[in-house]
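One file, run.cif, is given below (mmCIF, C-alpha atoms).
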data_run
loop_
_atom_site.label_atom_id
_atom_site.label_comp_id
_atom_site.auth_asym_id
_atom_site.auth_seq_id
_atom_site.Cartn_x
_atom_site.Cartn_y
_atom_site.Cartn_z
CA MET I 1 15.44 -0.87 78.95
CA ARG I 2 13.03 1.92 78.04
CA SER I 3 11.65 4.52 80.39
CA ASN I 4 7.87 4.48 80.73
CA LEU I 5 7.87 7.39 83.13
CA HIS I 6 5.86 10.44 82.20
CA ARG I 7 7.80 13.55 81.34
CA SER I 8 8.21 15.89 84.28
CA THR I 9 6.36 19.18 84.50
CA LEU I 10 9.68 20.99 84.09
CA VAL I 11 10.47 19.18 80.84
CA ARG I 12 7.02 19.92 79.43
CA GLN I 13 7.36 23.57 80.45
CA LEU I 14 10.76 23.94 78.81
CA GLU I 15 9.54 22.42 75.58
CA GLY I 16 7.47 25.57 75.09
CA CYS I 17 10.66 27.66 75.15
CA LEU I 18 12.33 25.79 72.31
CA PRO I 19 12.44 27.24 68.78
CA THR I 20 10.24 25.55 66.21
CA GLY I 21 11.84 22.35 64.98
CA ALA I 22 14.29 22.00 67.86
CA ALA I 23 14.66 18.64 69.59
CA ALA I 24 12.47 18.52 72.69
CA PRO I 25 13.88 17.42 76.07
CA GLY I 26 11.21 14.73 76.13
CA ASP I 27 12.74 13.15 73.02
CA VAL I 28 15.98 12.65 74.95
CA ALA I 29 14.09 11.36 77.98
CA ARG I 30 12.61 8.56 75.88
CA GLN I 31 16.05 7.18 75.06
CA ASP I 32 17.42 4.10 76.80
CA VAL I 33 17.57 4.79 80.54
CA ALA I 34 20.80 2.87 81.13
CA GLU I 35 22.47 4.67 78.22
CA ARG I 36 21.43 8.08 79.50
CA LEU I 37 22.57 7.28 83.04
CA GLY I 38 25.89 6.07 81.67
CA GLN I 39 26.46 9.52 80.20
CA TRP I 40 26.08 10.99 83.69
CA LEU I 41 28.47 8.59 85.44
CA ASN I 42 32.13 8.05 84.67
CA VAL I 43 34.44 5.28 85.89
CA ALA I 44 35.28 7.14 89.08
CA ASP I 45 31.57 7.57 89.83
CA ALA I 46 30.97 3.85 89.31
CA ILE I 47 33.77 3.03 91.76
CA SER I 48 32.35 5.49 94.28
CA LEU I 49 28.89 3.98 93.91
CA SER I 50 30.27 0.50 94.48
CA SER I 51 32.09 1.68 97.60
CA ALA I 52 28.94 3.41 98.81
CA HIS I 53 27.21 0.04 99.18
CA ALA I 54 29.30 -0.59 102.29
CA THR I 55 28.44 2.83 103.69
CA ILE I 56 24.73 2.26 103.13
CA ALA I 57 24.86 -1.17 104.76
CA ALA I 58 26.75 0.28 107.73
CA ALA I 59 24.08 2.96 108.17
CA GLY I 60 21.45 0.23 108.46
CA ARG I 61 23.47 -1.71 111.03
CA GLN I 62 24.10 1.43 113.07
CA ALA I 63 20.38 2.27 113.13
CA ALA I 64 19.59 -1.27 114.26
CA ARG I 65 21.98 -0.95 117.22
CA VAL I 66 20.66 2.40 118.42
CA SER I 67 17.88 2.02 120.95
CA GLY I 68 15.39 4.54 122.20
CA GLN I 69 15.30 6.56 118.98
CA PRO I 70 11.91 8.22 118.40
CA ALA I 71 9.86 6.97 115.49
CA THR I 72 10.15 9.08 112.38
CA ALA I 73 7.09 11.34 112.20
CA ALA I 74 5.88 11.43 108.61
CA ALA I 75 3.23 14.03 109.46
CA THR I 76 5.85 16.40 110.86
CA LEU I 77 8.08 16.02 107.82
CA GLN I 78 5.12 16.45 105.48
CA ALA I 79 4.13 19.65 107.26
CA GLU I 80 7.66 21.01 106.91
CA LEU I 81 7.66 20.10 103.22
CA GLU I 82 4.38 21.93 102.64
CA ARG I 83 5.63 24.95 104.56
CA VAL I 84 8.77 25.22 102.44
CA ARG I 85 6.79 24.68 99.24
CA ALA I 86 4.28 27.38 100.19
CA VAL I 87 6.96 29.94 101.11
CA LEU I 88 8.91 29.37 97.90
CA SER I 89 5.78 29.33 95.73
CA GLN I 90 4.69 32.64 97.21
CA SER I 91 8.12 34.14 96.58
CA ILE I 92 8.05 32.96 92.96
CA SER I 93 4.59 34.41 92.32
CA THR I 94 5.29 37.82 93.86
CA ARG I 95 5.93 40.61 91.36
CA ASP I 96 6.94 44.23 91.79
CA ALA I 97 3.61 46.02 91.43
CA LYS I 98 5.36 49.37 90.93
CA HIS I 99 7.46 48.24 87.98
CA LYS I 100 6.36 49.53 84.56
CA PRO I 101 8.15 48.02 81.55
CA ASP I 102 9.58 50.41 78.98
CA PRO I 103 8.70 49.26 75.43
CA ASP I 104 11.75 51.17 74.17
CA ASP I 105 14.19 49.32 76.45
CA LEU I 106 13.29 45.66 76.30
CA ASP I 107 16.91 44.55 76.67
CA THR I 108 16.89 45.97 80.18
CA GLU I 109 13.52 44.34 80.77
CA PHE I 110 14.90 40.91 79.94
CA ALA I 111 17.92 41.56 82.17
CA LEU I 112 15.51 42.21 85.05
CA CYS I 113 13.59 39.02 84.26
CA LEU I 114 16.82 37.05 84.15
CA GLN I 115 17.97 38.49 87.46
CA ARG I 116 14.64 37.59 89.01
CA TYR I 117 14.88 34.02 87.75
CA GLN I 118 18.45 33.51 88.93
CA ASP I 119 17.69 35.00 92.36
CA GLN I 120 14.77 32.61 92.74
CA GLN I 121 16.87 29.68 91.52
CA ARG I 122 19.44 30.34 94.23
CA ARG I 123 16.70 30.56 96.83
CA LEU I 124 15.21 27.26 95.67
CA GLU I 125 18.59 25.56 95.81
CA MET I 126 19.43 26.76 99.32
CA SER I 127 15.99 26.11 100.82
CA VAL I 128 15.44 22.68 99.26
CA ASP I 129 18.98 21.53 100.04
CA ALA I 130 18.45 22.47 103.69
CA LEU I 131 15.11 20.63 103.81
CA ARG I 132 16.57 17.58 102.08
CA GLY I 133 19.41 17.44 104.59
CA HIS I 134 16.96 17.73 107.49
CA VAL I 135 14.81 14.89 106.15
CA ARG I 136 17.89 12.71 105.70
CA GLN I 137 18.99 13.35 109.27
CA THR I 138 15.53 12.47 110.54
CA LEU I 139 15.38 9.23 108.56
CA ALA I 140 18.87 8.30 109.74
CA GLN I 141 17.47 8.13 113.28
CA GLY I 142 14.66 5.80 112.27
CA SER I 143 14.56 2.17 111.23
CA PRO I 144 17.49 0.47 109.47
CA ARG I 145 15.56 0.62 106.20
CA LEU I 146 15.03 4.37 106.49
CA ALA I 147 18.62 4.94 107.58
CA GLN I 148 19.83 3.12 104.48
CA LEU I 149 17.53 5.22 102.30
CA ALA I 150 18.96 8.39 103.83
CA ALA I 151 22.50 7.17 103.18
CA LEU I 152 21.62 6.28 99.58
CA ASP I 153 20.10 9.71 98.98
CA ALA I 154 23.26 11.37 100.30
CA VAL I 155 25.41 9.31 97.94
CA LEU I 156 23.25 10.08 94.90
CA ASP I 157 23.08 13.76 95.81
CA ASP I 158 26.87 13.97 95.95
CA MET I 159 27.24 12.03 92.72
CA LEU I 160 24.53 13.58 90.56
CA GLY I 161 23.80 16.93 92.19
CA GLY I 162 26.54 18.83 90.39
CA ARG I 163 25.48 17.60 86.97
CA GLU I 164 21.84 18.36 87.74
CA GLN I 165 22.68 21.91 88.79
CA ARG I 166 24.71 22.52 85.64
CA LEU I 167 21.72 21.46 83.56
CA LEU I 168 19.37 23.70 85.53
CA ASN I 169 21.76 26.58 84.96
CA ASN I 170 20.93 26.26 81.24
CA VAL I 171 17.27 27.15 81.80
CA PRO I 172 17.84 30.94 81.53
CA ALA I 173 19.19 30.44 77.99
CA LEU I 174 15.93 28.74 77.01
CA LEU I 175 13.96 31.55 78.59
CA LYS I 176 15.99 34.07 76.60
CA ALA I 177 15.10 32.24 73.39
CA ARG I 178 11.44 32.35 74.37
CA PHE I 179 11.63 36.07 75.22
CA THR I 180 13.27 36.81 71.87
CA ALA I 181 10.65 34.85 69.93
CA LEU I 182 7.77 36.64 71.67
CA ARG I 183 9.46 40.01 71.20
CA GLN I 184 9.98 39.44 67.48
CA ALA I 185 6.39 38.28 67.01
CA ALA I 186 5.12 41.39 68.78
CA ALA I 187 7.36 43.68 66.72
CA ALA I 188 5.90 42.21 63.53
CA SER I 189 2.31 42.69 64.72
CA ASP I 190 0.00 45.67 64.23
CA THR I 191 0.56 46.74 67.86
CA PRO I 192 4.33 46.52 68.41
CA ARG I 193 4.22 48.62 71.59
CA ASP I 194 1.59 46.43 73.23
CA LEU I 195 3.38 44.57 76.04
CA HIS I 196 0.73 41.99 76.84
CA TRP I 197 3.18 39.37 75.56
CA LEU I 198 5.59 40.41 78.31
CA GLN I 199 2.97 39.66 80.95
CA GLY I 200 2.58 36.24 79.38
CA PHE I 201 6.34 35.71 79.44
CA ASN I 202 6.50 36.56 83.14
CA THR I 203 3.75 34.04 83.78
CA GLU I 204 5.73 31.40 81.87
CA LEU I 205 8.83 32.32 83.88
CA GLU I 206 6.93 31.76 87.11
CA GLN I 207 5.49 28.47 85.85
CA THR I 208 9.00 27.32 84.98
CA LEU I 209 10.24 28.19 88.46
CA LEU I 210 7.32 26.35 90.05
CA ALA I 211 8.10 23.32 87.88
CA GLU I 212 11.75 23.53 88.94
CA LEU I 213 10.62 23.68 92.57
CA ASP I 214 8.62 20.47 92.08
CA HIS I 215 11.63 18.86 90.42
CA ARG I 216 13.99 19.79 93.25
CA LEU I 217 11.53 18.52 95.87
CA GLN I 218 11.11 15.06 94.32
CA PRO I 219 13.83 13.36 96.43
CA VAL I 220 12.33 14.91 99.58
CA VAL I 221 8.84 13.74 98.66
CA GLY I 222 10.16 10.24 97.96
CA MET I 223 11.89 9.95 101.33
CA ILE I 224 8.82 11.17 103.21
CA GLU I 225 6.57 8.74 101.35
CA ALA I 226 8.94 5.92 102.30
CA VAL I 227 8.32 6.58 105.99
CA ASP I 228 4.78 5.19 105.87
CA SER I 229 5.37 2.55 103.21
#

Now, as a test, write the supplied structure out as structure tokens.
Amino acid sequence: MRSNLHRSTLVRQLEGCLPTGAAAPGDVARQDVAERLGQWLNVADAISLSSAHATIAAAGRQAARVSGQPATAAATLQAELERVRAVLSQSISTRDAKHKPDPDDLDTEFALCLQRYQDQQRRLEMSVDALRGHVRQTLAQGSPRLAQLAALDAVLDDMLGGREQRLLNNVPALLKARFTALRQAAAASDTPRDLHWLQGFNTELEQTLLAELDHRLQPVVGMIEAVDS
């Protein structure tokens, strides 16, 4: 079974951070889907997933028994999604206008960039997790089909969320490699003290965060789309 899905924006963005000749994330993504998923799940996970089938079925039966529940409002959820996306996107794109990089202390400059990225990562995680939980709770009060979807998302989040976060925690290392490559190229140029490359790096950092935001929001988008399907 081969994946025909297009590479995500985040994968494409990170490919630009890799050293020349390094294996691209997209190369891994084109491997057999079942094989890759098997590397994420161990025997205990498989047992948990099997047991979760009963939980998901029970969620559907419970939703069917509950009467008088309001219909799930896709428009309301979509508006909340767009609000969260806009707030986080604005936060990512906001820079300190007073900061002036020191060309003689670029190690400190990268440390500041790294701190900025990690602060934004934590904000993305907290905000999107809260939104995802809210959407699940809303779907759980809807039809049996939506309640089962909410239960399935909760199971997959518990099972795969930790591994996903560990992988996302590796992004700063790729950014460091990109920073180092740009710094070395600038040092070898005729204008080694010209820091235009640093502006470009900060733009790439923001683009990577925006791509990570899109990645984190995918389960939320999928659940909201399911409401009207």

Quiz item: Taking all atoms listed in the file into account, which of I:Ala150, I:Ala130, I:Leu198, I:Ala44 comes nearest I:Gly222?
Solution: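 Looking at the shortest contact to I:Gly222, the residue is I:Ala150.
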
Exercise. Given the file shown, enumerate the residues that the PyMOL selection byres ((chain I and resi 156) around 12) captures and present them as a PyMOL selection string.
Key: chain I and resi 40-41+45-46+48-50+52-53+56+149-155+157-164+219

Starting from the PyMOL selection byres ((chain I and resi 76-84) around 9), expand the selection into actual residues of this file and give them as a PDB file with C-alpha atoms, in the frame of the given file.
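Okay, out11.pdb is ready:
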ATOM      1  CA  THR I  72      10.150   9.080 112.380  1.00  0.00           C
ATOM      2  CA  ALA I  73       7.090  11.340 112.200  1.00  0.00           C
ATOM      3  CA  ALA I  74       5.880  11.430 108.610  1.00  0.00           C
ATOM      4  CA  ALA I  75       3.230  14.030 109.460  1.00  0.00           C
ATOM      5  CA  ARG I  85       6.790  24.680  99.240  1.00  0.00           C
ATOM      6  CA  ALA I  86       4.280  27.380 100.190  1.00  0.00           C
ATOM      7  CA  VAL I  87       6.960  29.940 101.110  1.00  0.00           C
ATOM      8  CA  LEU I  88       8.910  29.370  97.900  1.00  0.00           C
ATOM      9  CA  SER I  89       5.780  29.330  95.730  1.00  0.00           C
ATOM     10  CA  SER I 127      15.990  26.110 100.820  1.00  0.00           C
ATOM     11  CA  VAL I 128      15.440  22.680  99.260  1.00  0.00           C
ATOM     12  CA  LEU I 131      15.110  20.630 103.810  1.00  0.00           C
ATOM     13  CA  VAL I 135      14.810  14.890 106.150  1.00  0.00           C
ATOM     14  CA  THR I 138      15.530  12.470 110.540  1.00  0.00           C
ATOM     15  CA  LEU I 217      11.530  18.520  95.870  1.00  0.00           C
ATOM     16  CA  VAL I 220      12.330  14.910  99.580  1.00  0.00           C
ATOM     17  CA  VAL I 221       8.840  13.740  98.660  1.00  0.00           C
ATOM     18  CA  ILE I 224       8.820  11.170 103.210  1.00  0.00           C
ATOM     19  CA  GLU I 225       6.570   8.740 101.350  1.00  0.00           C
TER      20      GLU I 225
END

Quiz item: Quick one: which residues end up in the PyMOL selection byres ((chain I and resi 116) around 12) for this structure, as a PyMOL selection string?
Solution: chain I and resi 91-96+109-115+117-123+172+202+205-206+209

Once you have the residues from the selection above, write them out as a PDB file, keeping the file's coordinate frame, restricted to C-alpha atoms.
ATOM      1  CA  SER I  91       8.120  34.140  96.580  1.00  0.00           C
ATOM      2  CA  ILE I  92       8.050  32.960  92.960  1.00  0.00           C
ATOM      3  CA  SER I  93       4.590  34.410  92.320  1.00  0.00           C
ATOM      4  CA  THR I  94       5.290  37.820  93.860  1.00  0.00           C
ATOM      5  CA  ARG I  95       5.930  40.610  91.360  1.00  0.00           C
ATOM      6  CA  ASP I  96       6.940  44.230  91.790  1.00  0.00           C
ATOM      7  CA  GLU I 109      13.520  44.340  80.770  1.00  0.00           C
ATOM      8  CA  PHE I 110      14.900  40.910  79.940  1.00  0.00           C
ATOM      9  CA  ALA I 111      17.920  41.560  82.170  1.00  0.00           C
ATOM     10  CA  LEU I 112      15.510  42.210  85.050  1.00  0.00           C
ATOM     11  CA  CYS I 113      13.590  39.020  84.260  1.00  0.00           C
ATOM     12  CA  LEU I 114      16.820  37.050  84.150  1.00  0.00           C
ATOM     13  CA  GLN I 115      17.970  38.490  87.460  1.00  0.00           C
ATOM     14  CA  TYR I 117      14.880  34.020  87.750  1.00  0.00           C
ATOM     15  CA  GLN I 118      18.450  33.510  88.930  1.00  0.00           C
ATOM     16  CA  ASP I 119      17.690  35.000  92.360  1.00  0.00           C
ATOM     17  CA  GLN I 120      14.770  32.610  92.740  1.00  0.00           C
ATOM     18  CA  GLN I 121      16.870  29.680  91.520  1.00  0.00           C
ATOM     19  CA  ARG I 122      19.440  30.340  94.230  1.00  0.00           C
ATOM     20  CA  ARG I 123      16.700  30.560  96.830  1.00  0.00           C
ATOM     21  CA  PRO I 172      17.840  30.940  81.530  1.00  0.00           C
ATOM     22  CA  ASN I 202       6.500  36.560  83.140  1.00  0.00           C
ATOM     23  CA  LEU I 205       8.830  32.320  83.880  1.00  0.00           C
ATOM     24  CA  GLU I 206       6.930  31.760  87.110  1.00  0.00           C
ATOM     25  CA  LEU I 209      10.240  28.190  88.460  1.00  0.00           C
TER      26      LEU I 209
END

Practice problem: Just give me the gap between atom CA of I:Leu14 and atom CA of I:Arg183 in Å, one decimal is fine. | Solution: 17.8 Å

Quiz item: For I:Gln90, which residue among I:Asp102, I:Gln199, I:Val227, I:Leu213 is the nearest when counting only C-alpha atoms?
Solution: I:Leu213

Exercise. Extract, using all atoms listed in the file, all DNA, RNA and protein residues at most 10 Å from I:Pro103, discarding same-chain residues fewer than 3 positions from it, and format them as a list in words.
Key: Lys100, Leu106, Asp107, Glu109, Pro192, Arg193, Asp194, Leu195 and Leu198 of chain I

Quiz item: Taking only C-alpha atoms into account, which of I:Ser143, I:Gln148, I:Thr108, I:Thr208 comes nearest I:Thr55?
Solution: I:Gln148

Quiz prompt | Coordinates-based distance that separates atom CA of I:Leu124 from atom CA of I:Asp214 (Å, one decimal) | solution =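 Computing the Euclidean distance for atom CA of I:Asp214 and atom CA of I:Leu124 yields 10.1 Å.
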
Quiz item: For the atom pair atom CA of I:Ala186 and atom CA of I:Lys98, what is the interatomic distance in Å to one decimal place?
Solution: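 Separation between atom CA of I:Ala186 and atom CA of I:Lys98: 23.5 Å.
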